[in-house]
Amino acid sequence: MTTDFVARLERGLYGVAMPEQLIQYRQHERQQIGPGAKSVFEKVRRAREEGAKGAGPYNCTTQGFQDVRERLLQVAGKGLSYRRTIYVIIEEKIAHCAQRAAAHSTRGTAKFSKVFSEVVTGRYVRFSDSWRSVVRTLCF
């Protein structure tokens, strides 16, 4: 380990450098740089495109967070430890992505049930775009 990395760990700045991108860039309404606001038509068109991909993107995201979990566990096995809350958050994100993938793979009341269970847990608010994501999952 480099001295800088050890110093950061001692100050409580946890992290593990990884060569590949594991998350996607997220855009939001109050973004100060980047593309401007999209029209309702553009949002619906994009939601349909994403919906046409089915569960694929959610399966990829689920796998990405499973990889993060495995890497953190490997590093923990080498003596580095992280707060338990970090593992809990990763597990919840994995569960949320897996449930959204399952919802995209089903129809009717089964789909509604999967989405509703995620609404009840609060994970749509915590890990997705809240009610907009609920509508996208149910409608597209």
# chains A, B, ... in the order shown; residues from 1 in each chain; ligands from 1
>>> residues_around(residues="range 82-91 of chain A", least_positions_apart="4", cutoff="9 Å", atoms="only C-alpha atoms", output="list of chain:residue names")
A:Tyr14, A:Phe65, A:Gln66, A:Val68, A:Arg69, A:Leu72, A:Ala76, A:Ala95, A:His96
>>> write_last_selection(atoms="N, CA and C atoms", output="PDB file, in the first residue's frame")
ATOM      1  N   TYR A  14     -12.284   6.288   3.569  1.00  0.00           N
ATOM      2  CA  TYR A  14     -12.262   4.929   3.053  1.00  0.00           C
ATOM      3  C   TYR A  14     -12.442   4.928   1.548  1.00  0.00           C
ATOM      4  N   PHE A  65     -22.977  -3.879  -8.476  1.00  0.00           N
ATOM      5  CA  PHE A  65     -22.945  -3.710  -7.027  1.00  0.00           C
ATOM      6  C   PHE A  65     -22.552  -5.003  -6.312  1.00  0.00           C
ATOM      7  N   GLN A  66     -22.873  -6.142  -6.894  1.00  0.00           N
ATOM      8  CA  GLN A  66     -22.384  -7.401  -6.328  1.00  0.00           C
ATOM      9  C   GLN A  66     -20.865  -7.466  -6.432  1.00  0.00           C
ATOM     10  N   VAL A  68     -18.875  -4.827  -6.420  1.00  0.00           N
ATOM     11  CA  VAL A  68     -18.372  -3.902  -5.392  1.00  0.00           C
ATOM     12  C   VAL A  68     -18.350  -4.596  -4.033  1.00  0.00           C
ATOM     13  N   ARG A  69     -19.442  -5.279  -3.707  1.00  0.00           N
ATOM     14  CA  ARG A  69     -19.519  -5.999  -2.430  1.00  0.00           C
ATOM     15  C   ARG A  69     -18.390  -7.024  -2.312  1.00  0.00           C
ATOM     16  N   LEU A  72     -15.042  -5.278  -1.715  1.00  0.00           N
ATOM     17  CA  LEU A  72     -14.928  -4.781  -0.339  1.00  0.00           C
ATOM     18  C   LEU A  72     -14.653  -5.933   0.627  1.00  0.00           C
ATOM     19  N   ALA A  76     -11.443  -6.378   2.932  1.00  0.00           N
ATOM     20  CA  ALA A  76     -11.643  -6.582   4.369  1.00  0.00           C
ATOM     21  C   ALA A  76     -10.865  -7.810   4.841  1.00  0.00           C
ATOM     22  N   ALA A  95     -30.595  -5.415  -3.645  1.00  0.00           N
ATOM     23  CA  ALA A  95     -31.976  -5.900  -3.537  1.00  0.00           C
ATOM     24  C   ALA A  95     -32.916  -5.040  -4.386  1.00  0.00           C
ATOM     25  N   HIS A  96     -32.715  -3.727  -4.357  1.00  0.00           N
ATOM     26  CA  HIS A  96     -33.575  -2.822  -5.137  1.00  0.00           C
ATOM     27  C   HIS A  96     -33.422  -3.074  -6.636  1.00  0.00           C
TER      28      HIS A  96
END
>>> closest_residue(among="A:Leu73, A:Ala52, A:Leu138, A:Ala47", to="Gly108 in chain A", atoms="only C-alpha atoms")
A:Leu138
>>> residues_around(residues="range 117-130 of chain A", least_positions_apart="6", cutoff="9 Å", atoms="only C-alpha atoms", output="ChimeraX atom specification")
/A:28,92-93,96-97,99-100
>>> write_last_selection(atoms="all heavy atoms", output="PDB file, in the first residue's frame")
ATOM      1  N   HIS A  28     -29.878  15.205 -12.704  1.00  0.00           N
ATOM      2  CA  HIS A  28     -30.983  15.634 -11.859  1.00  0.00           C
ATOM      3  C   HIS A  28     -31.397  17.061 -12.223  1.00  0.00           C
ATOM      4  O   HIS A  28     -30.695  17.761 -12.944  1.00  0.00           O
ATOM      5  CB  HIS A  28     -30.610  15.529 -10.375  1.00  0.00           C
ATOM      6  CG  HIS A  28     -29.334  16.234 -10.037  1.00  0.00           C
ATOM      7  ND1 HIS A  28     -29.285  17.558  -9.707  1.00  0.00           N
ATOM      8  CD2 HIS A  28     -28.058  15.786  -9.998  1.00  0.00           C
ATOM      9  CE1 HIS A  28     -28.030  17.911  -9.469  1.00  0.00           C
ATOM     10  NE2 HIS A  28     -27.260  16.849  -9.647  1.00  0.00           N
ATOM     11  N   GLU A  92     -28.811  -3.265   0.206  1.00  0.00           N
ATOM     12  CA  GLU A  92     -30.119  -2.707  -0.132  1.00  0.00           C
ATOM     13  C   GLU A  92     -30.179  -2.296  -1.605  1.00  0.00           C
ATOM     14  O   GLU A  92     -31.197  -2.493  -2.265  1.00  0.00           O
ATOM     15  CB  GLU A  92     -30.436  -1.506   0.759  1.00  0.00           C
ATOM     16  CG  GLU A  92     -30.822  -1.897   2.164  1.00  0.00           C
ATOM     17  CD  GLU A  92     -31.264  -0.705   2.988  1.00  0.00           C
ATOM     18  OE1 GLU A  92     -31.549   0.370   2.417  1.00  0.00           O
ATOM     19  OE2 GLU A  92     -31.321  -0.849   4.214  1.00  0.00           O
ATOM     20  N   LYS A  93     -29.098  -1.734  -2.113  1.00  0.00           N
ATOM     21  CA  LYS A  93     -29.059  -1.345  -3.525  1.00  0.00           C
ATOM     22  C   LYS A  93     -29.149  -2.577  -4.417  1.00  0.00           C
ATOM     23  O   LYS A  93     -29.864  -2.568  -5.434  1.00  0.00           O
ATOM     24  CB  LYS A  93     -27.773  -0.552  -3.822  1.00  0.00           C
ATOM     25  CG  LYS A  93     -27.618  -0.127  -5.259  1.00  0.00           C
ATOM     26  CD  LYS A  93     -28.613   0.932  -5.669  1.00  0.00           C
ATOM     27  CE  LYS A  93     -28.314   1.404  -7.097  1.00  0.00           C
ATOM     28  NZ  LYS A  93     -29.189   2.480  -7.522  1.00  0.00           N
ATOM     29  N   HIS A  96     -32.715  -3.727  -4.357  1.00  0.00           N
ATOM     30  CA  HIS A  96     -33.575  -2.822  -5.137  1.00  0.00           C
ATOM     31  C   HIS A  96     -33.422  -3.074  -6.636  1.00  0.00           C
ATOM     32  O   HIS A  96     -34.421  -3.201  -7.352  1.00  0.00           O
ATOM     33  CB  HIS A  96     -33.235  -1.370  -4.796  1.00  0.00           C
ATOM     34  CG  HIS A  96     -34.007  -0.367  -5.593  1.00  0.00           C
ATOM     35  ND1 HIS A  96     -35.376  -0.232  -5.488  1.00  0.00           N
ATOM     36  CD2 HIS A  96     -33.603   0.546  -6.516  1.00  0.00           C
ATOM     37  CE1 HIS A  96     -35.779   0.724  -6.305  1.00  0.00           C
ATOM     38  NE2 HIS A  96     -34.714   1.211  -6.942  1.00  0.00           N
ATOM     39  N   CYS A  97     -32.200  -3.160  -7.104  1.00  0.00           N
ATOM     40  CA  CYS A  97     -31.965  -3.403  -8.539  1.00  0.00           C
ATOM     41  C   CYS A  97     -32.516  -4.759  -8.963  1.00  0.00           C
ATOM     42  O   CYS A  97     -33.107  -4.880 -10.043  1.00  0.00           O
ATOM     43  CB  CYS A  97     -30.481  -3.300  -8.858  1.00  0.00           C
ATOM     44  SG  CYS A  97     -29.832  -1.635  -8.708  1.00  0.00           S
ATOM     45  N   GLN A  99     -34.998  -6.366  -7.600  1.00  0.00           N
ATOM     46  CA  GLN A  99     -36.468  -6.289  -7.583  1.00  0.00           C
ATOM     47  C   GLN A  99     -36.985  -5.511  -8.800  1.00  0.00           C
ATOM     48  O   GLN A  99     -37.989  -5.885  -9.385  1.00  0.00           O
ATOM     49  CB  GLN A  99     -36.924  -5.623  -6.279  1.00  0.00           C
ATOM     50  CG  GLN A  99     -38.393  -5.737  -6.001  1.00  0.00           C
ATOM     51  CD  GLN A  99     -38.834  -7.129  -5.587  1.00  0.00           C
ATOM     52  OE1 GLN A  99     -38.172  -8.133  -5.825  1.00  0.00           O
ATOM     53  NE2 GLN A  99     -39.982  -7.206  -4.966  1.00  0.00           N
ATOM     54  N   ARG A 100     -36.281  -4.453  -9.202  1.00  0.00           N
ATOM     55  CA  ARG A 100     -36.695  -3.719 -10.407  1.00  0.00           C
ATOM     56  C   ARG A 100     -36.514  -4.582 -11.651  1.00  0.00           C
ATOM     57  O   ARG A 100     -37.339  -4.553 -12.564  1.00  0.00           O
ATOM     58  CB  ARG A 100     -35.912  -2.418 -10.543  1.00  0.00           C
ATOM     59  CG  ARG A 100     -36.397  -1.366  -9.563  1.00  0.00           C
ATOM     60  CD  ARG A 100     -35.820  -0.019  -9.828  1.00  0.00           C
ATOM     61  NE  ARG A 100     -36.505   0.617 -10.958  1.00  0.00           N
ATOM     62  CZ  ARG A 100     -36.158   1.801 -11.453  1.00  0.00           C
ATOM     63  NH1 ARG A 100     -35.139   2.459 -10.936  1.00  0.00           N
ATOM     64  NH2 ARG A 100     -36.817   2.313 -12.470  1.00  0.00           N
TER      65      ARG A 100
END
>>> residues_around(residues="Gly51 in chain A", least_positions_apart="3", cutoff="8 Å", atoms="only C-alpha atoms", output="mmCIF file with N, CA and C atoms, in the first residue's frame")
data_model
loop_
_atom_site.group_PDB
_atom_site.id
_atom_site.type_symbol
_atom_site.label_atom_id
_atom_site.label_comp_id
_atom_site.auth_asym_id
_atom_site.auth_seq_id
_atom_site.Cartn_x
_atom_site.Cartn_y
_atom_site.Cartn_z
ATOM 1 N N ALA A 47 -38.079 7.020 -21.562
ATOM 2 C CA ALA A 47 -38.618 5.966 -20.698
ATOM 3 C C ALA A 47 -39.024 4.747 -21.518
ATOM 4 N N ARG A 48 -39.609 4.978 -22.693
ATOM 5 C CA ARG A 48 -39.983 3.855 -23.567
ATOM 6 C C ARG A 48 -38.758 3.112 -24.068
ATOM 7 N N GLY A 54 -35.905 -3.872 -21.187
ATOM 8 C CA GLY A 54 -36.323 -4.867 -20.203
ATOM 9 C C GLY A 54 -35.469 -4.828 -18.944
ATOM 10 N N HIS A 104 -39.535 -5.734 -14.209
ATOM 11 C CA HIS A 104 -39.515 -5.567 -15.661
ATOM 12 C C HIS A 104 -39.707 -6.888 -16.394
ATOM 13 N N ARG A 136 -42.274 4.837 -14.297
ATOM 14 C CA ARG A 136 -41.535 4.231 -15.424
ATOM 15 C C ARG A 136 -41.560 2.721 -15.332
ATOM 16 N N THR A 137 -41.357 2.184 -14.129
ATOM 17 C CA THR A 137 -41.338 0.726 -13.977
ATOM 18 C C THR A 137 -42.718 0.139 -14.267
ATOM 19 N N PHE A 140 -43.689 1.264 -18.413
ATOM 20 C CA PHE A 140 -42.856 1.003 -19.587
ATOM 21 C C PHE A 140 -42.107 -0.280 -19.438
#
>>> atom_distance(atom1="CA of Asn59 in chain A", atom2="CA of Ala102 in chain A")
9.1 Å
